[in-house]
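A short worksheet on the structure shown next.
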Amino acid sequence: MSPQAAPGELSVLVVKPDGYRSPRVREYLDVLLAASPLSVELRYEVCLEDEDVLDTWPKFAGPKYPITAELLRLYLTSGPCEVIVVRGPDVVRRCAELRGKVRARFGTSAFANCVHTPTEPHEIGPNVEKYLVSLPTGQPFVRHRDEGGTEGISGRLSAVPRSVLLAEARAFFRTAQNDGWRAAWRPRPAGGAFGACLLPGDPHSVDHGMSLIADALPELTPREVISAYVEAEVEGWSCLLAGTGTQARDLARLLAGQGLYTEVRTLTSV
């Protein structure tokens, strides 16, 4: 079947490895699908390879987002996924609603969020072609070109050799996968009663948000930057610096002025 058979009516849900490993996630998604007007065109298990990940998210094939690309690649290839190609009215919006409900209940962060569905107009057709035609039949797939519209890696991190950045991302991911998220966090900073804390919801690309932190705190290693950023996503906050009230406020204001979400906490009461 060709994705051109019914333009605008097809889309895809990809249950990522963490979602596929969880019977609760899969059962919940089945309940949501049964209650929706969407019909399942095709459903199958697949182990994604590196090229499949980049075909699905082509902006990560370029140089702007190396840390995100590596973490995403490791995550998506860490185990089997399930592909569900669906058809129905207002399919993109309905799939996005299903995705949101699953992530709200089971997702732990932007780095482990159980399910993908394309929402940008230029993503939908290529994703459907990839998962409805190319992967099931082995037909060649031509990757969509996407340079990414948000600023990527910059400043101090952009000067770190790519091989080093990727190695640090791999080391971080493997620790988290083998021993759990908290084993991957850097030690809580010491040195004062007040903490400048990063909160989740960064509006930048992940690589640019990490770059802002690296520039503001030049003593942090790339792995410590990755850890601090992801900790905020997973735990709801991450202490970047412990010091005096003035030191904490100055760092929080600096990063907030660059668009990151921050707050100052009294660490002795945490």
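Chain labels A, B, ... are given in the sequence in which chains occur in the structure tokens; within each chain residues are numbered consecutively from 1, and ligands are likewise numbered from 1 in the order shown.
Every protein or nucleic acid residue with an atom no more than 7 Å from range 166-180 of chain A, counting only C-alpha atoms and leaving out same-chain residues fewer than 5 positions away, appears here: Ile67, Glu70, Leu71, Pro222 and Arg223 of chain A.
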Using only C-alpha atoms, please write the residues we just selected to a file, as a CSV table (one decimal), in the first residue's frame.
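Written out: result-v5.csv:
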```csv
chain,number,residue,atom,x,y,z
A,67,ILE,CA,24.8,15.5,21.6
A,70,GLU,CA,23.9,10.6,19.9
A,71,LEU,CA,21.5,10.3,22.8
A,222,PRO,CA,31.0,18.1,28.9
A,223,ARG,CA,29.7,15.0,30.7
```
* Step one, run DSSP on the backbone; step two, keep only residues of range 10-230 of chain A assigned to helix (DSSP H, G or I); then write them as number ranges by chain. => A: 17-20, 23-35, 50-56, 58-61, 66-76, 91-106, 121-137, 155-158, 162-179, 181-184, 206-216, 222-230
* A:His204, A:His116, A:Arg93, A:Arg186 ranked by distance to Leu38 in chain A, top pick (using only C-alpha atoms) ->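 Among the listed residues, the smallest separation from Leu38 in chain A belongs to A:Arg93.
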Could you make a table, as a Markdown table, of the residues of range 141-257 of chain A that have an atom within 7 Å of an atom of range 53-65 of chain A, each with its nearest atom pair and distance in Å to one decimal, counting only C-alpha atoms, in chain and number order?
```
| residue | atom | partner | partner_atom | distance |
| --- | --- | --- | --- | --- |
| A:Arg143 | CA | A:Asp55 | CA | 5.3 |
| A:His144 | CA | A:Pro58 | CA | 6.4 |
| A:Arg145 | CA | A:Pro58 | CA | 6.4 |
| A:Asp146 | CA | A:Lys59 | CA | 4.8 |
| A:Glu147 | CA | A:Lys59 | CA | 5.2 |
| A:Gly148 | CA | A:Lys59 | CA | 5.1 |
| A:Gly152 | CA | A:Lys64 | CA | 4.6 |
| A:Ile153 | CA | A:Lys64 | CA | 5.7 |
| A:Asp207 | CA | A:Tyr65 | CA | 5.6 |
```
Writing out the chosen residues with C-alpha atoms as a short mmCIF file (atom, residue, chain, number, x, y, z; two decimals), in the first residue's frame:
```
data_model
loop_
_atom_site.label_atom_id
_atom_site.label_comp_id
_atom_site.auth_asym_id
_atom_site.auth_seq_id
_atom_site.Cartn_x
_atom_site.Cartn_y
_atom_site.Cartn_z
CA ARG A 143 15.97 10.87 3.45
CA HIS A 144 14.14 14.17 3.72
CA ARG A 145 16.47 17.17 4.03
CA ASP A 146 16.03 19.13 7.25
CA GLU A 147 18.65 21.57 8.50
CA GLY A 148 16.81 22.24 11.77
CA GLY A 152 22.49 24.22 17.77
CA ILE A 153 25.73 23.67 19.60
CA ASP A 207 22.51 21.16 22.29
#
```
May I have the residues within 12 Å of Leu254 in chain A as a PDB file with all heavy atoms, in the first residue's frame, using only C-alpha atoms and disregarding those fewer than 5 positions away in the same chain?
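Okay, this is what ended up in around.pdb:
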```
ATOM      1  N   ALA A 196      21.678  27.739  42.483  1.00  0.00           N
ATOM      2  CA  ALA A 196      21.120  28.181  41.203  1.00  0.00           C
ATOM      3  C   ALA A 196      20.688  26.928  40.475  1.00  0.00           C
ATOM      4  O   ALA A 196      21.510  26.070  40.140  1.00  0.00           O
ATOM      5  CB  ALA A 196      22.169  28.936  40.398  1.00  0.00           C
ATOM      6  N   CYS A 197      19.398  26.779  40.244  1.00  0.00           N
ATOM      7  CA  CYS A 197      18.841  25.521  39.768  1.00  0.00           C
ATOM      8  C   CYS A 197      18.237  25.665  38.377  1.00  0.00           C
ATOM      9  O   CYS A 197      17.532  26.638  38.092  1.00  0.00           O
ATOM     10  CB  CYS A 197      17.776  25.018  40.738  1.00  0.00           C
ATOM     11  SG  CYS A 197      18.427  24.749  42.406  1.00  0.00           S
ATOM     12  N   LEU A 198      18.525  24.684  37.543  1.00  0.00           N
ATOM     13  CA  LEU A 198      17.935  24.603  36.211  1.00  0.00           C
ATOM     14  C   LEU A 198      16.628  23.851  36.306  1.00  0.00           C
ATOM     15  O   LEU A 198      16.530  22.819  36.978  1.00  0.00           O
ATOM     16  CB  LEU A 198      18.896  23.872  35.265  1.00  0.00           C
ATOM     17  CG  LEU A 198      18.418  23.671  33.823  1.00  0.00           C
ATOM     18  CD1 LEU A 198      18.365  25.010  33.088  1.00  0.00           C
ATOM     19  CD2 LEU A 198      19.343  22.699  33.089  1.00  0.00           C
ATOM     20  N   LEU A 212      24.738  26.854  26.540  1.00  0.00           N
ATOM     21  CA  LEU A 212      24.593  28.007  27.424  1.00  0.00           C
ATOM     22  C   LEU A 212      25.086  27.684  28.827  1.00  0.00           C
ATOM     23  O   LEU A 212      25.742  28.511  29.477  1.00  0.00           O
ATOM     24  CB  LEU A 212      23.134  28.464  27.460  1.00  0.00           C
ATOM     25  CG  LEU A 212      22.561  28.993  26.140  1.00  0.00           C
ATOM     26  CD1 LEU A 212      21.076  29.272  26.290  1.00  0.00           C
ATOM     27  CD2 LEU A 212      23.304  30.230  25.669  1.00  0.00           C
ATOM     28  N   ILE A 213      24.775  26.497  29.304  1.00  0.00           N
ATOM     29  CA  ILE A 213      25.245  26.085  30.628  1.00  0.00           C
ATOM     30  C   ILE A 213      26.763  25.947  30.637  1.00  0.00           C
ATOM     31  O   ILE A 213      27.438  26.382  31.577  1.00  0.00           O
ATOM     32  CB  ILE A 213      24.572  24.761  31.032  1.00  0.00           C
ATOM     33  CG1 ILE A 213      23.073  24.975  31.195  1.00  0.00           C
ATOM     34  CG2 ILE A 213      25.183  24.200  32.315  1.00  0.00           C
ATOM     35  CD1 ILE A 213      22.285  23.694  31.309  1.00  0.00           C
ATOM     36  N   ASP A 215      28.951  27.478  28.838  1.00  0.00           N
ATOM     37  CA  ASP A 215      29.600  28.788  28.805  1.00  0.00           C
ATOM     38  C   ASP A 215      29.477  29.518  30.137  1.00  0.00           C
ATOM     39  O   ASP A 215      30.383  30.252  30.543  1.00  0.00           O
ATOM     40  CB  ASP A 215      29.000  29.641  27.687  1.00  0.00           C
ATOM     41  CG  ASP A 215      29.410  29.161  26.304  1.00  0.00           C
ATOM     42  OD1 ASP A 215      30.336  28.332  26.215  1.00  0.00           O
ATOM     43  OD2 ASP A 215      28.793  29.599  25.318  1.00  0.00           O
ATOM     44  N   ALA A 216      28.360  29.330  30.822  1.00  0.00           N
ATOM     45  CA  ALA A 216      28.156  30.002  32.103  1.00  0.00           C
ATOM     46  C   ALA A 216      28.979  29.372  33.220  1.00  0.00           C
ATOM     47  O   ALA A 216      29.316  30.046  34.198  1.00  0.00           O
ATOM     48  CB  ALA A 216      26.674  29.982  32.480  1.00  0.00           C
ATOM     49  N   LEU A 217      29.290  28.076  33.062  1.00  0.00           N
ATOM     50  CA  LEU A 217      30.033  27.344  34.089  1.00  0.00           C
ATOM     51  C   LEU A 217      31.212  26.633  33.426  1.00  0.00           C
ATOM     52  O   LEU A 217      31.186  25.420  33.195  1.00  0.00           O
ATOM     53  CB  LEU A 217      29.116  26.339  34.782  1.00  0.00           C
ATOM     54  CG  LEU A 217      27.987  26.938  35.627  1.00  0.00           C
ATOM     55  CD1 LEU A 217      26.948  25.893  35.969  1.00  0.00           C
ATOM     56  CD2 LEU A 217      28.551  27.574  36.894  1.00  0.00           C
ATOM     57  N   GLN A 247      25.634  34.770  44.527  1.00  0.00           N
ATOM     58  CA  GLN A 247      26.180  33.928  43.460  1.00  0.00           C
ATOM     59  C   GLN A 247      25.077  33.132  42.761  1.00  0.00           C
ATOM     60  O   GLN A 247      25.052  33.031  41.532  1.00  0.00           O
ATOM     61  CB  GLN A 247      27.232  32.977  44.046  1.00  0.00           C
ATOM     62  CG  GLN A 247      28.514  33.661  44.472  1.00  0.00           C
ATOM     63  CD  GLN A 247      29.420  32.726  45.254  1.00  0.00           C
ATOM     64  OE1 GLN A 247      28.963  31.858  46.006  1.00  0.00           O
ATOM     65  NE2 GLN A 247      30.737  32.898  45.065  1.00  0.00           N
ATOM     66  N   ALA A 248      24.181  32.568  43.548  1.00  0.00           N
ATOM     67  CA  ALA A 248      23.102  31.770  42.976  1.00  0.00           C
ATOM     68  C   ALA A 248      22.167  32.635  42.133  1.00  0.00           C
ATOM     69  O   ALA A 248      21.768  32.260  41.025  1.00  0.00           O
ATOM     70  CB  ALA A 248      22.333  31.062  44.082  1.00  0.00           C
ATOM     71  N   ARG A 249      21.832  33.817  42.660  1.00  0.00           N
ATOM     72  CA  ARG A 249      20.934  34.699  41.910  1.00  0.00           C
ATOM     73  C   ARG A 249      21.587  35.183  40.626  1.00  0.00           C
ATOM     74  O   ARG A 249      20.932  35.274  39.583  1.00  0.00           O
ATOM     75  CB  ARG A 249      20.516  35.882  42.782  1.00  0.00           C
ATOM     76  CG  ARG A 249      19.479  35.551  43.833  1.00  0.00           C
ATOM     77  CD  ARG A 249      18.915  36.810  44.470  1.00  0.00           C
ATOM     78  NE  ARG A 249      19.936  37.541  45.214  1.00  0.00           N
ATOM     79  CZ  ARG A 249      20.244  37.311  46.486  1.00  0.00           C
ATOM     80  NH1 ARG A 249      19.617  36.368  47.161  1.00  0.00           N
ATOM     81  NH2 ARG A 249      21.175  38.045  47.097  1.00  0.00           N
ATOM     82  N   GLY A 259      17.041  32.613  28.199  1.00  0.00           N
ATOM     83  CA  GLY A 259      15.869  31.821  27.858  1.00  0.00           C
ATOM     84  C   GLY A 259      15.696  30.530  28.619  1.00  0.00           C
ATOM     85  O   GLY A 259      14.666  29.866  28.463  1.00  0.00           O
ATOM     86  N   LEU A 260      16.664  30.145  29.449  1.00  0.00           N
ATOM     87  CA  LEU A 260      16.508  28.935  30.241  1.00  0.00           C
ATOM     88  C   LEU A 260      15.601  29.214  31.445  1.00  0.00           C
ATOM     89  O   LEU A 260      15.463  30.350  31.887  1.00  0.00           O
ATOM     90  CB  LEU A 260      17.868  28.432  30.731  1.00  0.00           C
ATOM     91  CG  LEU A 260      18.833  27.949  29.642  1.00  0.00           C
ATOM     92  CD1 LEU A 260      20.196  27.632  30.250  1.00  0.00           C
ATOM     93  CD2 LEU A 260      18.283  26.717  28.936  1.00  0.00           C
ATOM     94  N   TYR A 261      14.994  28.164  31.979  1.00  0.00           N
ATOM     95  CA  TYR A 261      14.143  28.292  33.149  1.00  0.00           C
ATOM     96  C   TYR A 261      14.974  27.969  34.387  1.00  0.00           C
ATOM     97  O   TYR A 261      15.575  26.891  34.475  1.00  0.00           O
ATOM     98  CB  TYR A 261      12.941  27.365  33.055  1.00  0.00           C
ATOM     99  CG  TYR A 261      12.020  27.730  31.916  1.00  0.00           C
ATOM    100  CD1 TYR A 261      12.001  26.978  30.738  1.00  0.00           C
ATOM    101  CD2 TYR A 261      11.191  28.849  31.983  1.00  0.00           C
ATOM    102  CE1 TYR A 261      11.168  27.324  29.679  1.00  0.00           C
ATOM    103  CE2 TYR A 261      10.362  29.201  30.940  1.00  0.00           C
ATOM    104  CZ  TYR A 261      10.356  28.425  29.784  1.00  0.00           C
ATOM    105  OH  TYR A 261       9.544  28.777  28.744  1.00  0.00           O
ATOM    106  N   THR A 262      15.021  28.881  35.317  1.00  0.00           N
ATOM    107  CA  THR A 262      15.859  28.720  36.499  1.00  0.00           C
ATOM    108  C   THR A 262      15.116  29.191  37.753  1.00  0.00           C
ATOM    109  O   THR A 262      14.103  29.887  37.660  1.00  0.00           O
ATOM    110  CB  THR A 262      17.156  29.545  36.382  1.00  0.00           C
ATOM    111  OG1 THR A 262      16.823  30.941  36.316  1.00  0.00           O
ATOM    112  CG2 THR A 262      17.962  29.155  35.148  1.00  0.00           C
ATOM    113  N   GLU A 263      15.663  28.831  38.888  1.00  0.00           N
ATOM    114  CA  GLU A 263      15.192  29.369  40.167  1.00  0.00           C
ATOM    115  C   GLU A 263      16.323  29.255  41.167  1.00  0.00           C
ATOM    116  O   GLU A 263      17.271  28.486  40.982  1.00  0.00           O
ATOM    117  CB  GLU A 263      13.955  28.645  40.675  1.00  0.00           C
ATOM    118  CG  GLU A 263      14.204  27.220  41.119  1.00  0.00           C
ATOM    119  CD  GLU A 263      12.954  26.555  41.696  1.00  0.00           C
ATOM    120  OE1 GLU A 263      11.847  27.107  41.514  1.00  0.00           O
ATOM    121  OE2 GLU A 263      13.098  25.497  42.326  1.00  0.00           O
TER     122      GLU A 263
END
```
* Any idea what's packed within 12 Å of Leu132 in chain A, counting only C-alpha atoms, ignoring anything in its chain fewer than 4 positions away? Could you give it as number ranges by chain? -> A: 1-5, 10-14, 40-44, 83-87, 124-128, 136-139, 141
* **Best match for closeness to Cys114 in chain A among A:Ala190, A:Ala96, A:Val25, A:Ala232, counting only C-alpha atoms** => A:Val25
* Take CA of Thr246 in chain A and CA of Ser158 in chain A and report the distance between them in Å, one decimal. =>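 It comes out at 29.5 Å.
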* Asked: Which distance in Å separates CA of Val234 in chain A and CA of Thr108 in chain A, to one decimal?
  ->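 We find that CA of Val234 in chain A and CA of Thr108 in chain A lie 5.6 Å from each other.
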* In Å, rounded to a single decimal, give me how far CA of Leu98 in chain A is from CA of Leu29 in chain A. =>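 According to the coordinates, CA of Leu29 in chain A and CA of Leu98 in chain A are separated by 7.4 Å.
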* **Among listed residues A:Leu255, A:Ala242, A:Val133, A:Val225, nearest Gly192 in chain A (using only C-alpha atoms)** =>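 Among the listed residues, A:Ala242 lies closest to Gly192 in chain A.
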* Extract the full set of strand (DSSP E) residues from range 73-108 of chain A according to DSSP on the backbone, and format it as a ChimeraX atom specification. => /A:81-87
* **Option closest in space to Phe111 in chain A, from A:Pro200, A:Pro161, A:Pro80, A:Pro37 [counting only C-alpha atoms]** => A:Pro200
* Which one is closest to Ala35 in chain A: A:Asp18, A:Pro140, A:Arg94, A:Pro218? Count only C-alpha atoms. ->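 Ranking A:Asp18, A:Pro140, A:Arg94, A:Pro218 by distance to Ala35 in chain A, first place goes to A:Arg94.
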* Point out the residue among A:Val46, A:Ala112, A:Val92, A:Ala104 with the least atom-to-atom distance to Tyr75 in chain A, counting only C-alpha atoms. => A:Ala112
